[in-house]
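Enquirer: Following this message is one structure expressed as structure tokens.
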Amino acid sequence: RAENVKVRFFLGDPLSGGIPIGDDINIWEMQPGSYVAATKEVSFEEGQYDIYVMIDPDGAIDERNETNNTACIDVEVLPVYNLRVNTSTTSINPDLPYEGETAELSSSIMNDSFEEIADVDVAFFDGDPLAGGELIGETSVPQLDAWSCVAAKVQWDTTGKQGIHEIFVVVDPEDEIGEASEDDNITSIEIEVGILPDLYIEETGLSLAPNIIDEGGSVDITVRIHAGPGLLRNRFSVYFLLDDPQAYSNMIGEVRELSIEPDSYIDINMTWD
């Protein structure tokens with residue numbers, strides 16, 4: 001049997017200057033053919049480490065074989081932080097901005113870790129930042145509590161931006177915060193910047209049937225509404241008025257909640273008694 005067996009842990013190879021980690025562990029007695037678990041609690045900062053353990057480091061016990069008294073393991077210590085962009089909450093307001101409008105870009109930034117994180121930078125790009133995407137704007141979150149989220153927002157001037165865009169959101173764009181994973185620090189959405197719509201009525205777009213009616217009779221009124229190339233964000237209404245179009249007291253009818261596709265027309269009918 002073996003008595004007073006010392007176990008020593010090292011940071012690095014003890015034969016190449018490895019540093020002992022704490023005090024030795026002393027095993028008072030070991031029976032032949034048995035084993036004992038030697039455990040040591042150690043705290044490391046983020047990084048890569050070679051941990052060695054040596055039994056009988058001072059050669060105090062005579063053995064048949066001294067070559068199997070050392071073992072080594074490579075340990076990677078990951079940071080406690082992990083930031084994440086929530087793809088499902090990345091949005092633009094309004095949903096369909098018209099060229100020339102200032103739109104608000106927003107995305108939720110998550111702290112999936114047990115520690116709060118301070119000064120979290122968030123950047124928004126028009127296009128992939130790794131492929132020359134244009135920086136739209138940056139914002140900073142002063143403090144992000146553990147297991148919490150906050151909405152990061154920037155304003156985007158869409159002047160000259162008509163068309164389809166892929167908007168990228170990147171948290172910690174300068175990679176200043178050590179994280180368990182960087183893969184979830186970026187997301188993107190596709191949005192369209194439209195052009196202002198144009199609704200109009202041509203001179204021949206209003207018709208009556210019959211053209212002449214007796215007092216007390218009724219007439220069917222049809223108006224053809226045209227739309228230019230821009231997509232309408234909201235539904236619209238058509239009002240039928242006598243004389244002054246600004247005098248709503250003279251309104252004889254209305255049709256609400258209308259929609260129309262770009263570069264098309266619709267006919268609206270009403271009967272006036």
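Chain lettering (A, B, ...) mirrors the order of the structure tokens, residue numbering begins at 1 for each chain separately, and ligand numbering begins at 1 in order of display.
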Going by DSSP on the backbone, which residues of segment 188-258 of chain A come out as strand (DSSP E)? List them as a ChimeraX atom specification.

Expert: /A:188-193,199-200,206-209,219-227,236-241,251-258

Enquirer: Just the selected residues (N, CA, C and O atoms), exported as a short mmCIF file (atom, residue, chain, number, x, y, z; two decimals), in the first residue's frame, please.

Expert:
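New file part-v5.cif:
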```
data_model
loop_
_atom_site.label_atom_id
_atom_site.label_comp_id
_atom_site.auth_asym_id
_atom_site.auth_seq_id
_atom_site.Cartn_x
_atom_site.Cartn_y
_atom_site.Cartn_z
N SER A 188 -30.18 39.90 -40.41
CA SER A 188 -30.57 40.80 -41.49
C SER A 188 -32.03 40.58 -41.85
O SER A 188 -32.59 39.50 -41.63
N ILE A 189 -32.64 41.62 -42.41
CA ILE A 189 -33.99 41.53 -42.96
C ILE A 189 -34.00 42.23 -44.30
O ILE A 189 -33.21 43.15 -44.55
N GLU A 190 -34.89 41.81 -45.16
CA GLU A 190 -35.05 42.46 -46.47
C GLU A 190 -36.23 43.41 -46.41
O GLU A 190 -37.32 43.03 -45.96
N ILE A 191 -36.03 44.63 -46.84
CA ILE A 191 -37.11 45.62 -46.82
C ILE A 191 -37.14 46.33 -48.17
O ILE A 191 -36.17 46.31 -48.94
N GLU A 192 -38.27 46.95 -48.43
CA GLU A 192 -38.43 47.72 -49.67
C GLU A 192 -38.71 49.17 -49.34
O GLU A 192 -39.54 49.49 -48.49
N VAL A 193 -38.00 50.05 -50.02
CA VAL A 193 -38.29 51.49 -49.96
C VAL A 193 -39.06 51.82 -51.24
O VAL A 193 -38.53 51.68 -52.35
N LEU A 199 -52.84 58.71 -56.77
CA LEU A 199 -54.21 58.40 -57.18
C LEU A 199 -54.75 59.55 -58.02
O LEU A 199 -54.54 60.72 -57.68
N TYR A 200 -55.44 59.22 -59.10
CA TYR A 200 -55.96 60.31 -59.94
C TYR A 200 -57.20 59.83 -60.69
O TYR A 200 -57.45 58.63 -60.86
N LEU A 206 -65.53 60.09 -64.92
CA LEU A 206 -66.78 60.20 -64.14
C LEU A 206 -67.95 60.11 -65.10
O LEU A 206 -68.00 60.83 -66.11
N SER A 207 -68.90 59.23 -64.81
CA SER A 207 -70.05 59.06 -65.69
C SER A 207 -71.33 58.93 -64.87
O SER A 207 -71.30 58.48 -63.71
N LEU A 208 -72.45 59.32 -65.47
CA LEU A 208 -73.77 59.24 -64.85
C LEU A 208 -74.68 58.40 -65.73
O LEU A 208 -74.59 58.45 -66.96
N ALA A 209 -75.57 57.68 -65.13
CA ALA A 209 -76.55 56.91 -65.89
C ALA A 209 -77.88 56.94 -65.13
O ALA A 209 -77.95 56.41 -64.01
N VAL A 219 -79.87 58.26 -59.83
CA VAL A 219 -78.85 58.19 -60.86
C VAL A 219 -77.70 57.34 -60.35
O VAL A 219 -77.34 57.38 -59.16
N ASP A 220 -77.15 56.53 -61.23
CA ASP A 220 -75.97 55.73 -60.91
C ASP A 220 -74.72 56.52 -61.29
O ASP A 220 -74.59 56.98 -62.44
N ILE A 221 -73.83 56.66 -60.34
CA ILE A 221 -72.60 57.41 -60.56
C ILE A 221 -71.43 56.42 -60.54
O ILE A 221 -71.30 55.62 -59.62
N THR A 222 -70.60 56.50 -61.55
CA THR A 222 -69.41 55.65 -61.64
C THR A 222 -68.18 56.53 -61.80
O THR A 222 -68.17 57.45 -62.63
N VAL A 223 -67.17 56.25 -61.01
CA VAL A 223 -65.91 56.98 -61.13
C VAL A 223 -64.78 55.96 -61.23
O VAL A 223 -64.77 54.95 -60.53
N ARG A 224 -63.86 56.22 -62.15
CA ARG A 224 -62.71 55.33 -62.34
C ARG A 224 -61.48 55.94 -61.65
O ARG A 224 -61.05 57.05 -62.00
N ILE A 225 -60.95 55.21 -60.68
CA ILE A 225 -59.78 55.66 -59.92
C ILE A 225 -58.54 54.96 -60.46
O ILE A 225 -58.50 53.73 -60.54
N HIS A 226 -57.55 55.75 -60.84
CA HIS A 226 -56.28 55.21 -61.34
C HIS A 226 -55.21 55.32 -60.25
O HIS A 226 -55.24 56.24 -59.42
N ALA A 227 -54.26 54.40 -60.28
CA ALA A 227 -53.10 54.44 -59.38
C ALA A 227 -51.82 54.39 -60.19
O ALA A 227 -51.72 53.64 -61.17
N PHE A 236 -58.05 53.61 -48.69
CA PHE A 236 -58.48 54.98 -48.92
C PHE A 236 -60.00 55.02 -49.12
O PHE A 236 -60.65 53.98 -49.26
N SER A 237 -60.54 56.23 -49.12
CA SER A 237 -61.98 56.45 -49.29
C SER A 237 -62.22 57.37 -50.47
O SER A 237 -61.37 58.19 -50.84
N VAL A 238 -63.42 57.23 -51.06
CA VAL A 238 -63.87 58.12 -52.14
C VAL A 238 -65.15 58.80 -51.67
O VAL A 238 -66.09 58.14 -51.21
N TYR A 239 -65.16 60.13 -51.78
CA TYR A 239 -66.33 60.92 -51.38
C TYR A 239 -66.97 61.52 -52.62
O TYR A 239 -66.28 62.03 -53.51
N PHE A 240 -68.30 61.48 -52.65
CA PHE A 240 -69.08 62.09 -53.73
C PHE A 240 -69.74 63.34 -53.16
O PHE A 240 -70.47 63.26 -52.16
N LEU A 241 -69.46 64.50 -53.79
CA LEU A 241 -69.96 65.77 -53.25
C LEU A 241 -70.58 66.60 -54.37
O LEU A 241 -70.20 66.48 -55.55
N MET A 251 -71.86 66.41 -49.16
CA MET A 251 -71.54 65.04 -49.54
C MET A 251 -72.81 64.24 -49.76
O MET A 251 -73.74 64.27 -48.95
N ILE A 252 -72.87 63.53 -50.89
CA ILE A 252 -74.05 62.73 -51.21
C ILE A 252 -73.76 61.22 -51.10
O ILE A 252 -74.67 60.40 -51.25
N GLY A 253 -72.51 60.89 -50.86
CA GLY A 253 -72.19 59.47 -50.71
C GLY A 253 -70.69 59.28 -50.48
O GLY A 253 -69.88 60.18 -50.72
N GLU A 254 -70.34 58.09 -50.01
CA GLU A 254 -68.93 57.77 -49.79
C GLU A 254 -68.74 56.26 -49.86
O GLU A 254 -69.66 55.49 -49.59
N VAL A 255 -67.54 55.88 -50.26
CA VAL A 255 -67.15 54.47 -50.27
C VAL A 255 -65.82 54.38 -49.54
O VAL A 255 -64.86 55.06 -49.92
N ARG A 256 -65.75 53.56 -48.49
CA ARG A 256 -64.56 53.50 -47.63
C ARG A 256 -63.80 52.18 -47.82
O ARG A 256 -64.28 51.25 -48.46
N GLU A 257 -62.62 52.15 -47.20
CA GLU A 257 -61.78 50.95 -47.13
C GLU A 257 -61.48 50.36 -48.50
O GLU A 257 -61.62 49.16 -48.75
N LEU A 258 -61.07 51.22 -49.40
CA LEU A 258 -60.73 50.77 -50.75
C LEU A 258 -59.23 50.48 -50.85
O LEU A 258 -58.41 51.08 -50.14
#
```

Enquirer: Please provide as a ChimeraX atom specification all residues within 9 Å of segment 54-56 of chain A, with the sequence filter that same-chain residues fewer than 4 positions apart are discarded (counting only C-alpha atoms).

Expert: /A:5-10,14,60-61,69-72

Enquirer: Taking 6 positions as the minimum chain separation for residues in the same chain, which residues sit within 10 Å of Gln31 of chain A when counting only C-alpha atoms? Answer as a list in words.

Expert: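 Counting only the stated atoms, we get Arg1, Ala2 and Glu3 of chain A.
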
Enquirer: For the residues in that selection, give me C-alpha atoms as a compact mmCIF listing (two decimals), in the first residue's frame.

Expert:
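Written out: out.txt:
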```txt
# COMPACT_ATOMS: atom_id res chain seq x y z
CA ARG A 1 0.00 0.00 0.00
CA ALA A 2 1.01 3.63 -0.49
CA GLU A 3 0.85 6.29 2.22
```

Enquirer: For Val141 of chain A, find every residue with an atom within 6 Å (counting only C-alpha atoms), except residues of its own chain fewer than 2 positions away, and show them as a list in words.

Expert: Asp119, Val120 and Gln143 of chain A

Enquirer: Which residue, A:Leu83, A:Ile268, A:Ile164, A:Leu196, has the smallest gap to Trp147 of chain A when you use only C-alpha atoms?

Expert: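 Result for the nearest residue to Trp147 of chain A: A:Leu83.
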
Enquirer: With only C-alpha atoms as the basis for distance, which of A:Glu182, A:Asp128, A:Glu101, A:Asp244 is at the shortest distance from Lys161 of chain A?

Expert: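 Result for the nearest residue to Lys161 of chain A: A:Glu101.
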
Enquirer: Contacts of Ala151 of chain A at 10 Å or less, counting only C-alpha atoms, minus same-chain residues fewer than 4 places along, as a ChimeraX atom specification?

Expert: /A:85-86,89-90,105-110,141

Enquirer: From the list A:Trp28, A:Tyr35, A:Trp272, A:Tyr52, which residue is nearest Ser16 of chain A when using only C-alpha atoms?

Expert: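 Of A:Trp28, A:Tyr35, A:Trp272, A:Tyr52, the one nearest Ser16 of chain A is A:Tyr52, counting only C-alpha atoms.
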